[in-house]
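J.: My structure file model.cif, mmCIF, C-alpha atoms, is below:
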data_start
#
loop_
_atom_site.label_atom_id
_atom_site.label_comp_id
_atom_site.auth_asym_id
_atom_site.auth_seq_id
_atom_site.Cartn_x
_atom_site.Cartn_y
_atom_site.Cartn_z
CA MET A 1 14.94 -51.47 51.04
CA VAL A 2 14.47 -53.48 47.84
CA VAL A 3 10.92 -52.11 47.47
CA VAL A 4 12.15 -48.51 47.79
CA VAL A 5 14.88 -49.06 45.17
CA LYS A 6 12.40 -50.71 42.83
CA ASP A 7 9.93 -47.83 43.23
CA THR A 8 12.68 -45.27 42.58
CA MET A 9 13.78 -47.08 39.42
CA GLU A 10 10.20 -47.16 38.11
CA ARG A 11 9.81 -43.40 38.66
CA PHE A 12 13.15 -42.73 36.96
CA SER A 13 12.12 -44.85 33.97
CA THR A 14 8.83 -42.94 33.69
CA VAL A 15 10.64 -39.58 33.69
CA VAL A 16 13.08 -40.79 31.01
CA ILE A 17 10.23 -42.04 28.78
CA LEU A 18 8.32 -38.74 29.11
CA ALA A 19 11.47 -36.77 28.29
CA LEU A 20 12.10 -38.88 25.20
CA LEU A 21 8.50 -38.41 24.04
CA PHE A 22 8.82 -34.62 24.50
CA ILE A 23 12.08 -34.53 22.53
CA CYS A 24 10.56 -36.60 19.71
CA ASN A 25 7.53 -34.32 19.56
CA LEU A 26 9.73 -31.23 19.47
CA ALA A 27 11.83 -32.79 16.71
CA ASP A 28 8.70 -33.56 14.68
CA ASN A 29 7.44 -29.99 15.03
CA THR A 30 10.84 -28.56 14.11
CA GLN A 31 11.04 -30.86 11.10
CA ALA A 32 7.59 -29.68 9.94
CA GLU A 33 8.69 -26.06 10.31
CA VAL A 34 11.93 -26.68 8.44
CA SER A 35 10.21 -28.57 5.63
CA CYS A 36 7.98 -25.57 4.85
CA ARG A 37 10.73 -22.96 5.30
CA GLU A 38 13.25 -24.93 3.24
CA TRP A 39 10.84 -25.86 0.45
CA THR A 40 12.38 -25.45 -3.01
CA THR A 41 11.19 -26.44 -6.44
CA PRO A 42 12.68 -27.25 -9.85
CA ILE A 43 12.04 -24.31 -12.21
CA ARG A 44 11.26 -24.89 -15.87
CA TYR A 45 10.90 -22.11 -18.41
CA GLN A 46 9.95 -21.67 -22.05
CA LYS A 47 11.05 -18.75 -24.24
CA LYS A 48 8.91 -17.24 -26.98
CA GLY A 49 10.80 -14.28 -28.42
CA ASN A 50 10.84 -11.64 -25.66
CA ASN A 51 8.36 -13.58 -23.53
CA ILE A 52 9.23 -16.11 -20.81
CA ILE A 53 6.79 -18.72 -19.43
CA VAL A 54 7.85 -20.05 -15.99
CA ASN A 55 6.62 -23.37 -14.55
CA PHE A 56 7.33 -24.88 -11.14
CA LYS A 57 5.92 -27.49 -8.76
CA GLU A 58 3.33 -26.74 -6.11
CA GLY A 59 4.47 -26.64 -2.49
CA PRO A 60 3.50 -29.28 0.13
CA SER A 61 -0.20 -29.27 1.00
CA LYS A 62 0.57 -29.22 4.74
CA CYS A 63 2.24 -25.81 4.32
CA ASP A 64 -1.05 -24.30 3.03
CA ILE A 65 0.73 -22.00 0.55
CA LYS A 66 -1.71 -19.51 -0.98
CA ARG A 67 0.64 -17.53 -3.25
CA TYR A 68 4.16 -17.60 -4.70
CA LYS A 69 6.54 -14.80 -5.68
CA VAL A 70 8.08 -15.36 -9.13
CA SER A 71 10.85 -12.95 -10.18
CA ILE A 72 13.34 -12.41 -13.01
CA PHE A 73 16.73 -10.77 -12.26
CA HIS A 74 19.46 -9.57 -14.61
CA MET A 75 22.64 -11.68 -14.29
CA ASN A 76 24.94 -8.64 -14.52
CA LEU A 77 22.96 -6.60 -11.97
CA PRO A 78 22.23 -9.14 -9.19
CA HIS A 79 21.78 -6.60 -6.39
CA LEU A 80 19.30 -4.34 -8.17
CA LYS A 81 15.51 -4.58 -8.26
CA ALA A 82 13.96 -7.46 -10.20
CA VAL A 83 13.35 -6.86 -13.91
CA ALA A 84 9.91 -8.43 -13.48
CA SER A 85 8.08 -9.84 -10.45
CA GLU A 86 4.62 -11.27 -9.85
CA ILE A 87 2.78 -12.63 -6.80
CA THR A 88 0.53 -15.42 -8.03
CA PRO A 89 -1.47 -18.41 -6.73
CA ASN A 90 -0.65 -20.35 -9.93
CA VAL A 91 2.34 -22.58 -10.69
CA THR A 92 2.63 -21.06 -14.19
CA GLN A 93 3.51 -17.42 -14.79
CA GLU A 94 4.16 -15.65 -18.10
CA PHE A 95 6.32 -12.52 -18.36
CA LEU A 96 5.95 -10.37 -21.48
CA GLY A 97 8.42 -8.04 -23.19
CA ILE A 98 11.66 -9.11 -21.49
CA CYS A 99 14.59 -7.30 -23.14
CA ASP A 100 17.57 -9.12 -24.67
CA GLY A 101 20.08 -10.32 -22.09
CA ASN A 102 21.00 -13.03 -19.57
CA TYR A 103 18.76 -13.53 -16.54
CA TYR A 104 18.03 -15.86 -13.67
CA ILE A 105 14.59 -16.82 -12.33
CA THR A 106 13.58 -17.23 -8.67
CA VAL A 107 10.53 -18.76 -7.00
CA GLU A 108 9.70 -18.46 -3.31
CA ILE A 109 6.75 -18.65 -0.95
CA PHE A 110 4.89 -15.35 -0.55
CA ASP A 111 4.35 -15.37 3.22
CA GLU A 112 1.94 -12.47 3.80
CA PHE A 113 1.94 -13.16 7.57
CA TRP A 114 5.75 -13.13 7.77
CA ASN A 115 5.66 -11.16 11.05
CA ASP A 116 2.93 -13.19 12.78
CA SER A 117 4.38 -16.27 14.51
CA LYS A 118 0.94 -17.88 14.70
CA LYS A 119 0.08 -17.55 10.99
CA CYS A 120 3.39 -17.39 9.10
CA ILE A 121 4.34 -20.33 6.87
CA CYS A 122 8.13 -20.21 7.16
CA LYS A 123 8.98 -20.92 10.80
CA LEU A 124 12.05 -21.92 12.74
CA TYR A 125 11.92 -22.92 16.41
CA GLY A 126 8.43 -21.47 16.80
CA GLY A 127 9.23 -18.06 15.27
CA CYS A 128 8.89 -16.65 11.76
CA ASN A 129 11.92 -16.96 9.47
CA LYS A 130 12.81 -16.15 5.86
CA CYS A 131 11.58 -18.63 3.24
CA TYR A 132 14.11 -20.38 0.99
CA ARG A 133 14.32 -19.21 -2.63
CA SER A 134 14.56 -21.57 -5.63
CA ARG A 135 16.70 -20.35 -8.53
CA ALA A 136 17.22 -21.18 -12.21
CA ASN A 137 20.37 -19.67 -13.75
CA ASN A 138 21.47 -18.38 -17.15
CA VAL A 139 18.23 -17.72 -18.99
CA ALA A 140 19.25 -16.08 -22.28
CA VAL A 141 16.66 -13.96 -24.11
CA ILE A 142 17.38 -13.27 -27.78
CA GLY A 143 14.74 -11.44 -29.78
CA THR A 144 13.74 -7.98 -30.97
CA PRO A 145 15.40 -5.23 -28.81
CA CYS A 146 12.82 -3.62 -26.51
CA THR A 147 13.66 0.00 -27.25
CA THR A 148 14.30 -0.21 -31.01
CA PRO A 149 11.49 -0.81 -33.55
CA SER A 150 12.09 -3.35 -36.31
CA PRO A 151 12.64 -1.28 -39.51
CA LYS A 152 11.18 -2.43 -42.85
CA HIS A 153 13.61 -2.45 -45.84
CA ASN A 154 13.18 -2.74 -49.58
CA ASN A 155 14.21 -6.19 -50.81
CA LYS A 156 16.19 -4.58 -53.67
CA THR A 157 18.44 -2.66 -51.26
CA SER A 158 21.94 -4.03 -50.82
CA THR A 159 23.10 -5.62 -47.57
CA LYS A 160 25.50 -2.74 -46.93
CA HIS A 161 22.71 -0.21 -47.39
CA LYS A 162 20.54 -2.20 -44.96
CA GLU A 163 23.23 -2.08 -42.27
CA ASN A 164 23.79 1.68 -42.75
CA SER A 165 20.05 2.32 -42.67
CA SER A 166 19.67 0.30 -39.48
CA LYS A 167 22.52 2.19 -37.77
CA LEU A 168 21.02 5.52 -38.86
CA THR A 169 17.62 4.54 -37.45
CA ILE A 170 19.13 3.55 -34.11
CA SER A 171 21.15 6.78 -33.93
CA LEU A 172 18.10 8.91 -34.71
CA ALA A 173 16.06 7.03 -32.11
CA ILE A 174 18.72 7.63 -29.43
CA ILE A 175 18.98 11.33 -30.32
CA GLY A 176 15.18 11.63 -30.23
CA VAL A 177 14.98 10.03 -26.78
CA MET A 178 17.71 12.35 -25.47
CA ILE A 179 15.90 15.43 -26.81
CA ILE A 180 12.63 14.31 -25.18
CA LEU A 181 14.37 13.74 -21.83
CA VAL A 182 15.99 17.19 -21.97
CA LEU A 183 12.64 18.83 -22.76
CA LEU A 184 10.95 16.96 -19.91
CA ALA A 185 13.71 17.98 -17.49
CA LEU A 186 13.35 21.64 -18.50
CA SER A 187 9.58 21.40 -18.20
CA PHE A 188 9.80 19.93 -14.68
CA TYR A 189 12.28 22.65 -13.66
CA CYS A 190 10.00 25.42 -14.90
CA PHE A 191 6.98 23.70 -13.34
CA LYS A 192 8.61 23.60 -9.90
CA ARG A 193 9.50 27.29 -10.15
CA THR A 194 6.10 28.60 -11.28
CA LEU A 195 3.34 26.30 -9.99
CA GLN A 196 2.43 27.16 -6.41
CA GLU A 197 2.34 24.31 -3.90
CA LYS A 198 -1.03 23.56 -2.29
CA ARG A 199 -1.33 22.32 1.29
CA GLY A 200 -3.94 19.75 2.30
CA LEU A 201 -5.15 17.72 5.29
CA LEU A 202 -5.67 13.97 5.05
CA PHE A 203 -8.21 11.94 7.04
CA TYR A 204 -8.59 8.15 6.86
CA THR A 205 -9.29 4.99 8.84
CA GLU A 206 -6.53 2.46 9.42
CA ASP A 207 -8.31 -0.53 7.83
CA HIS A 208 -5.30 -2.86 7.65
CA THR A 209 -1.55 -2.81 6.96
CA TYR A 210 -1.87 -2.95 3.16
CA HIS A 211 -4.40 -0.08 3.23
CA CYS A 212 -2.02 2.07 5.31
CA GLU A 213 0.89 1.30 2.95
CA ALA A 214 -1.23 2.48 0.02
CA ILE A 215 -2.06 5.69 1.94
CA ASP A 216 1.66 6.33 2.54
CA GLN A 217 2.42 5.91 -1.17
CA PHE A 218 -0.49 8.23 -2.02
CA ILE A 219 0.96 10.93 0.26
CA SER A 220 4.42 10.51 -1.29
CA PHE A 221 3.04 10.78 -4.82
CA MET A 222 0.91 13.86 -4.06
CA ASN A 223 3.89 15.64 -2.49
CA LYS A 224 5.73 15.20 -5.80
CA SER A 225 2.76 16.83 -7.58
CA LYS A 226 2.93 20.07 -5.59
CA CYS A 227 0.05 18.87 -3.38
CA LYS A 228 1.58 18.66 0.10
CA LEU A 229 -0.55 16.27 2.15
CA GLU A 230 -0.32 16.28 5.94
CA VAL A 231 -1.99 13.61 8.09
CA ALA A 232 -4.40 15.40 10.42
CA ALA A 233 -3.90 12.98 13.31
CA ARG A 234 -0.15 13.71 13.37
CA LEU A 235 -0.73 17.48 13.53
CA VAL A 236 -3.45 17.31 16.19
CA LYS A 237 -2.16 15.22 19.05
CA GLY A 238 -4.95 14.33 21.48
CA GLY A 239 -7.71 15.64 19.20
CA ASP A 240 -7.45 19.34 20.24
CA PRO A 241 -10.55 20.91 18.59
CA LEU A 242 -9.09 24.43 18.43
CA ARG A 243 -5.86 23.27 16.78
CA LEU A 244 -7.79 21.10 14.31
CA SER A 245 -10.10 23.97 13.32
CA LEU A 246 -7.04 26.18 12.78
CA GLU A 247 -5.49 23.52 10.51
CA ILE A 248 -8.74 23.20 8.54
CA GLN A 249 -8.84 26.99 8.13
CA LYS A 250 -5.20 27.13 6.89
CA SER A 251 -5.46 24.23 4.45
CA ASP A 252 -6.15 24.70 0.72
CA PHE A 253 -7.95 21.37 0.42
CA ILE A 254 -9.03 18.40 2.54
CA ILE A 255 -8.99 14.75 1.43
CA LEU A 256 -11.03 12.01 3.09
CA VAL A 257 -10.15 8.47 1.97
CA TYR A 258 -13.44 6.57 1.85
CA SER A 259 -12.78 2.88 2.57
CA LYS A 260 -14.78 -0.22 3.45
CA ALA A 261 -14.01 0.24 7.14
CA LEU A 262 -15.19 3.88 7.10
CA HIS A 263 -18.39 2.81 5.31
CA LYS A 264 -19.09 0.20 8.01
CA ARG A 265 -18.42 2.78 10.71
CA ILE A 266 -20.78 5.36 9.18
CA GLN A 267 -23.48 2.67 9.07
CA ALA A 268 -22.91 2.06 12.79
CA TRP A 269 -23.13 5.80 13.54
CA LYS A 270 -26.62 5.86 12.03
CA SER A 271 -27.69 3.47 14.81
CA ASN A 272 -25.85 5.48 17.48
CA GLN A 273 -23.12 2.80 17.61
CA ASP A 274 -19.36 2.62 17.08
CA TYR A 275 -16.50 0.10 17.12
CA ILE A 276 -14.16 0.19 20.12
CA ASN A 277 -11.04 -0.72 18.13
CA PHE A 278 -11.41 2.37 15.91
CA LEU A 279 -10.89 4.47 19.04
CA LYS A 280 -7.52 2.79 19.63
CA GLU A 281 -6.17 4.05 16.28
CA ASP A 282 -5.02 7.68 16.04
CA ASN A 283 -6.32 8.35 12.52
CA SER A 284 -9.58 6.45 12.99
CA ALA A 285 -10.34 7.95 16.42
CA LEU A 286 -10.10 11.48 15.04
CA LEU A 287 -13.08 10.89 12.72
CA THR A 288 -16.50 11.63 14.24
CA VAL A 289 -19.95 12.50 12.94
CA SER A 290 -19.44 16.13 13.98
CA LEU A 291 -16.06 16.33 12.25
CA LEU A 292 -17.50 15.02 8.97
CA ARG A 293 -20.14 17.75 9.13
CA GLU A 294 -17.46 20.38 9.74
CA LEU A 295 -15.32 19.09 6.86
CA ASN A 296 -18.33 19.12 4.54
CA ALA A 297 -19.21 22.68 5.57
CA SER A 298 -15.65 23.89 4.87
CA ASN A 299 -16.22 23.58 1.07
CA LYS A 300 -12.69 22.13 0.83
CA LEU A 301 -13.56 18.46 1.15
CA ILE A 302 -12.57 15.98 -1.57
CA ILE A 303 -13.38 12.26 -1.38
CA CYS A 304 -10.92 9.65 -2.67
CA LYS A 305 -11.31 5.89 -2.77
CA PHE A 306 -9.55 2.76 -4.00
CA PRO A 307 -11.14 0.69 -6.80
CA GLN A 308 -12.44 -2.06 -4.47
CA VAL A 309 -14.84 0.39 -2.75
CA PRO A 310 -18.19 0.64 -4.64
CA ASN A 311 -19.39 4.08 -5.77
CA SER A 312 -22.90 3.40 -4.50
CA SER A 313 -21.82 3.42 -0.84
CA ILE A 314 -20.27 6.90 -1.19
CA SER A 315 -23.09 8.47 -3.18
CA SER A 316 -25.57 7.45 -0.48
CA GLU A 317 -23.49 8.92 2.39
CA LEU A 318 -21.90 12.03 0.80
CA PRO A 319 -23.89 12.69 -2.38
CA SER A 320 -22.79 16.31 -2.84
CA ILE A 321 -19.03 15.63 -2.75
CA LYS A 322 -17.05 14.65 -5.85
CA CYS A 323 -15.29 11.29 -5.44
CA TYR A 324 -12.05 10.37 -7.26
CA THR A 325 -10.98 6.74 -7.80
CA LEU A 326 -7.24 6.10 -7.35
CA THR A 327 -5.29 5.82 -9.54
CA LYS A 328 -7.74 6.03 -12.44
CA GLU A 329 -8.72 9.66 -11.70
CA LEU A 330 -5.46 10.77 -10.07
CA ASN A 331 -4.63 13.34 -12.75
CA SER A 332 -8.14 14.84 -12.50
CA LEU A 333 -7.66 15.10 -8.74
CA ILE A 334 -4.40 17.05 -9.15
CA LYS A 335 -6.05 19.44 -11.61
CA LYS A 336 -8.95 19.92 -9.18
CA ILE A 337 -6.58 20.81 -6.34
CA HIS A 338 -4.62 23.31 -8.46
CA ARG A 339 -7.89 24.66 -9.95
CA SER A 340 -6.29 24.66 -13.37
CA ARG A 341 -8.23 23.86 -16.53
CA VAL A 342 -5.69 24.46 -19.29
CA HIS A 343 -2.46 25.09 -17.40
CA GLN A 344 0.35 24.08 -19.77
CA GLU A 345 2.95 23.36 -17.09
CA LEU A 346 0.47 21.33 -15.05
CA ALA A 347 -0.53 19.36 -18.15
CA ILE A 348 3.10 18.38 -18.76
CA ARG A 349 3.48 17.36 -15.11
CA VAL A 350 0.29 15.30 -15.16
CA LYS A 351 1.25 13.47 -18.37
CA SER A 352 4.62 12.55 -16.88
CA ASN A 353 3.15 10.99 -13.74
CA LYS A 354 3.06 7.53 -15.30
CA LEU A 355 6.81 7.78 -15.86
CA ASN A 356 7.30 8.33 -12.16
CA HIS A 357 8.29 5.26 -10.11
CA LYS A 358 6.14 6.60 -7.29
CA PHE A 359 3.08 6.15 -9.49
CA ASN A 360 4.01 2.49 -9.99
CA SER A 361 4.58 2.05 -6.24
CA LEU A 362 1.17 3.55 -5.51
CA THR A 363 -0.49 1.29 -8.09
CA ASN A 364 1.17 -1.83 -6.65
CA THR A 365 0.24 -1.07 -3.02
CA ILE A 366 -3.39 -0.42 -4.01
CA LYS A 367 -3.44 -3.80 -5.80
CA ASN A 368 -1.97 -5.46 -2.69
CA ALA A 369 -4.70 -3.94 -0.52
CA ALA A 370 -7.42 -5.11 -2.91
CA THR A 371 -5.90 -8.62 -3.05
CA PHE A 372 -5.78 -8.82 0.74
CA GLU A 373 -9.45 -7.85 1.09
CA GLU A 374 -10.45 -10.28 -1.65
CA ASN A 375 -8.59 -13.20 -0.06
CA ASN A 376 -9.68 -12.34 3.51
CA SER A 377 -13.42 -11.68 3.32
CA ASN A 378 -13.79 -11.44 7.12
CA TRP A 379 -10.87 -9.07 7.71
CA PHE A 380 -13.11 -6.30 9.05
CA GLU A 381 -14.95 -8.51 11.55
CA ASP A 382 -11.67 -10.10 12.67
CA LYS A 383 -10.15 -6.71 13.47
CA TYR A 384 -13.07 -4.55 14.64
CA ILE A 385 -15.44 -7.33 15.87
CA CYS A 386 -18.90 -5.75 16.35
CA PRO A 387 -20.27 -2.26 17.15
CA LYS A 388 -21.53 -1.13 20.54
CA LYS A 389 -23.91 1.58 21.64
CA MET A 390 -22.27 4.99 22.03
CA GLU A 391 -23.14 5.14 25.75
CA SER A 392 -21.16 1.94 26.42
CA LEU A 393 -17.94 3.06 24.74
CA ASN A 394 -15.96 3.84 27.89
CA GLU A 395 -12.76 3.89 25.86
CA MET A 396 -13.72 7.17 24.15
CA PRO A 397 -11.42 10.02 25.22
CA ASP A 398 -12.81 12.65 27.59
CA TYR A 399 -12.41 16.16 26.12
CA SER A 400 -14.60 17.95 28.68
CA ALA A 401 -11.46 19.05 30.56
CA ASN A 402 -10.74 21.51 27.72
CA PHE A 403 -13.69 23.71 28.82
CA SER A 404 -14.05 25.65 32.07
CA ASP A 405 -17.81 25.23 32.55
CA GLY A 406 -17.56 21.41 32.86
CA CYS A 407 -20.40 20.75 30.40
CA GLU A 408 -20.20 17.54 28.36
CA ARG A 409 -19.56 18.33 24.71
CA SER A 410 -18.54 16.61 21.52
CA ILE A 411 -15.05 17.45 20.29
CA PHE A 412 -16.45 19.76 17.62
CA SER A 413 -19.52 21.19 19.38
CA VAL A 414 -17.75 24.42 20.45
CA PRO A 415 -19.82 27.56 19.62
CA VAL A 416 -18.69 29.31 16.43
CA SER A 417 -18.26 32.66 18.22
CA TYR A 418 -15.96 31.07 20.79
CA MET A 419 -13.97 29.33 18.06
CA LEU A 420 -13.50 32.55 16.03
CA GLU A 421 -12.43 34.44 19.14
CA GLN A 422 -9.79 31.81 19.95
CA ILE A 423 -8.55 31.77 16.35
CA ASN A 424 -8.15 35.57 16.33
CA GLU A 425 -6.22 35.44 19.62
CA TYR A 426 -3.97 32.71 18.19
CA ASN A 427 -3.30 34.76 15.04
CA ASP A 428 -2.57 37.94 17.05
CA SER A 429 -0.10 36.09 19.28
CA SER A 430 1.68 34.66 16.22
CA VAL A 431 2.40 38.08 14.71
#
With the file now loaded, output its structure as structure tokens.

T.:
Amino acid sequence: MVVVVKDTMERFSTVVILALLFICNLADNTQAEVSCREWTTPIRYQKKGNNIIVNFKEGPSKCDIKRYKVSIFHMNLPHLKAVASEITPNVTQEFLGICDGNYYITVEIFDEFWNDSKKCICKLYGGCNKCYRSRANNVAVIGTPCTTPSPKHNNKTSTKHKENSSKLTISLAIIGVMIILVLLALSFYCFKRTLQEKRGLLFYTEDHTYHCEAIDQFISFMNKSKCKLEVAARLVKGGDPLRLSLEIQKSDFIILVYSKALHKRIQAWKSNQDYINFLKEDNSALLTVSLLRELNASNKLIICKFPQVPNSSISSELPSIKCYTLTKELNSLIKKIHRSRVHQELAIRVKSNKLNHKFNSLTNTIKNAATFEENNSNWFEDKYICPKKMESLNEMPDYSANFSDGCERSIFSVPVSYMLEQINEYNDSSV
């Protein structure tokens, strides 16, 4: 009996020790997560006229922080968008041309994998959580007003005359700005009434999240410029070849966004290969060798690219198609679509694009995409792995059911006569 009790006590002690070790380990992990999530830093700043230089301390090395988000907010407008914001790997950031006023500065971890529990920096109980934000209050900027130029006065002029002259200059400047805004508003109104909207199809590969965000901003901006862009994959569910050919026929222009992923895929096609993961993405799966030929033959195709894609890769694949770099050649692209050389209303619209917040949003998302690709050199291999021979791609959709004779065909290998006949029937039934 004594032996049994002794054995039971030993087992109980072992279980208690293991439980304590597990709790200690969990506490250590939780503490590590909290220390990264709750990291804050003292913020120091230096003012030079309308410029502010922000300094802060680097985060813990164990958190592996790559970049920080440094922002300046107006004290009287705390819920509005930041006056200035930068994502930087440095612990020093300079902001130029900050207008007179009272501000506060914030610094926080820029967690680009905020939705990935395996990679995110700021965690809590094993899941991703919002990072803490450090804050420095009451930063007063006193310098030359941003919107009013500093007038030069004659030294012999009296102080009273100086004050009157300054007030007159400010009044004239305000009146001038108001007149310009009224003229722009009238110009936009007339532009919307007279310039005909063009409809286009958009094709692209879904390289990564930042690339897709830039595409969305591009669509939004083009819609504001009377260039209505529709994503082909959303119009043609399941890759219906007849429906897609009808959409190509109805469109005024077609845009193909040439990216690094598309370049890699075209290289694979030359060796009769493809990447399986492209076929799992609606927009990427729609693109085929045959479709590119059809788009090229339509005489409506326009190539666009982001700055990080080299021109040499495009010129070797599609040498006869004009390529526009976004956003550098965005205005030229709009003029090309509207086929207008010296259209006064279009010229006013084009010149005003840089005043549009959508232009700034597009510029920022393109920069984010370029930064992601620069900081993650193996992003393509991590997502798409390696190509396989066409014959081994069992994941490719089977479109042979669309044809009564049962022959195996590519999506876009339908005879032209058959296609025209179907299009005419579709048009007759729509009347």

J.: Compile the contact shell of region 138-140 of chain A as a PyMOL selection string: residues with an atom at most 10 Å away, counting all atoms listed in the file, same-chain residues fewer than 6 positions apart removed.

T.: chain A and resi 45-47+52+72-75+99-105

J.: In terms of the shortest atom-to-atom distance over all atoms listed in the file, which of A:Ser332, A:Thr363, A:Asn50, A:Ser259 is closest to Val141 (chain A)?

T.: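 The closest residue to Val141 (chain A) is A:Asn50.
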
J.: Given the PyMOL selection byres ((chain A and resi 311) around 12) and the file above, list the residues it selects as number ranges by chain.

T.: A: 258-260, 263, 303-310, 312-319, 321-325

J.: Quick one, how far is CA of Tyr210 (chain A) from CA of Phe372 (chain A)?

T.: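 Distance reported for this atom pair: 7.5 Å.
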
J.: Please return as a list in words every residue within 10 Å of (-11.5, 6.9, 17.3), taking into account only C-alpha atoms and the file's own coordinates.

T.: Thr205, Gly239, Asp274, Tyr275, Ile276, Asn277, Phe278, Leu279, Lys280, Glu281, Asp282, Asn283, Ser284, Ala285, Leu286, Leu287, Thr288, Glu395, Met396 and Pro397 of chain A

J.: Got a sec to resolve the PyMOL selection byres ((chain A and resi 84) around 6) on this structure and send the residues as a PyMOL selection string?

T.: chain A and resi 71-72+82-83+85

J.: Go ahead and write the residues just picked, C-alpha atoms, as an mmCIF file, in the coordinates of the input.

T.:
data_model
loop_
_atom_site.group_PDB
_atom_site.id
_atom_site.type_symbol
_atom_site.label_atom_id
_atom_site.label_comp_id
_atom_site.auth_asym_id
_atom_site.auth_seq_id
_atom_site.Cartn_x
_atom_site.Cartn_y
_atom_site.Cartn_z
ATOM 1 C CA SER A 71 10.850 -12.950 -10.180
ATOM 2 C CA ILE A 72 13.340 -12.410 -13.010
ATOM 3 C CA ALA A 82 13.960 -7.460 -10.200
ATOM 4 C CA VAL A 83 13.350 -6.860 -13.910
ATOM 5 C CA SER A 85 8.080 -9.840 -10.450
#

J.: Assuming the chain letters and numbering stay as they are in my file, what does the PyMOL selection byres ((chain A and resi 109-119) around 8) actually select? List them as a list of chain:residue names.

T.: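 Taken on the displayed file, the PyMOL selection byres ((chain A and resi 109-119) around 8) yields the residues A:Ile65, A:Lys66, A:Arg67, A:Tyr68, A:Lys69, A:Ile87, A:Val107, A:Glu108, A:Cys120, A:Ile121, A:Cys122, A:Lys123, A:Gly126, A:Gly127, A:Cys128, A:Asn129, A:Lys130, A:Cys131, A:Tyr132, A:Arg133.
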
J.: Calculated over all atoms listed in the file, which of the candidates A:Asn90, A:Leu96, A:Lys226, A:Trp269 has the smallest distance to Gly49 (chain A)?

T.: A:Leu96

J.: Between CA of Ile179 (chain A) and CA of Glu197 (chain A), what is the distance in Å, rounded to a tenth?

T.: 28.1 Å

J.: So that I can check the surroundings of Ile254 (chain A), please list as a VMD selection string every protein, DNA and RNA residue that reaches within 7 Å of it, counting all atoms listed in the file and ignoring chain neighbours fewer than 3 positions away.

T.: chain A and resid 200 to 202 300 to 302
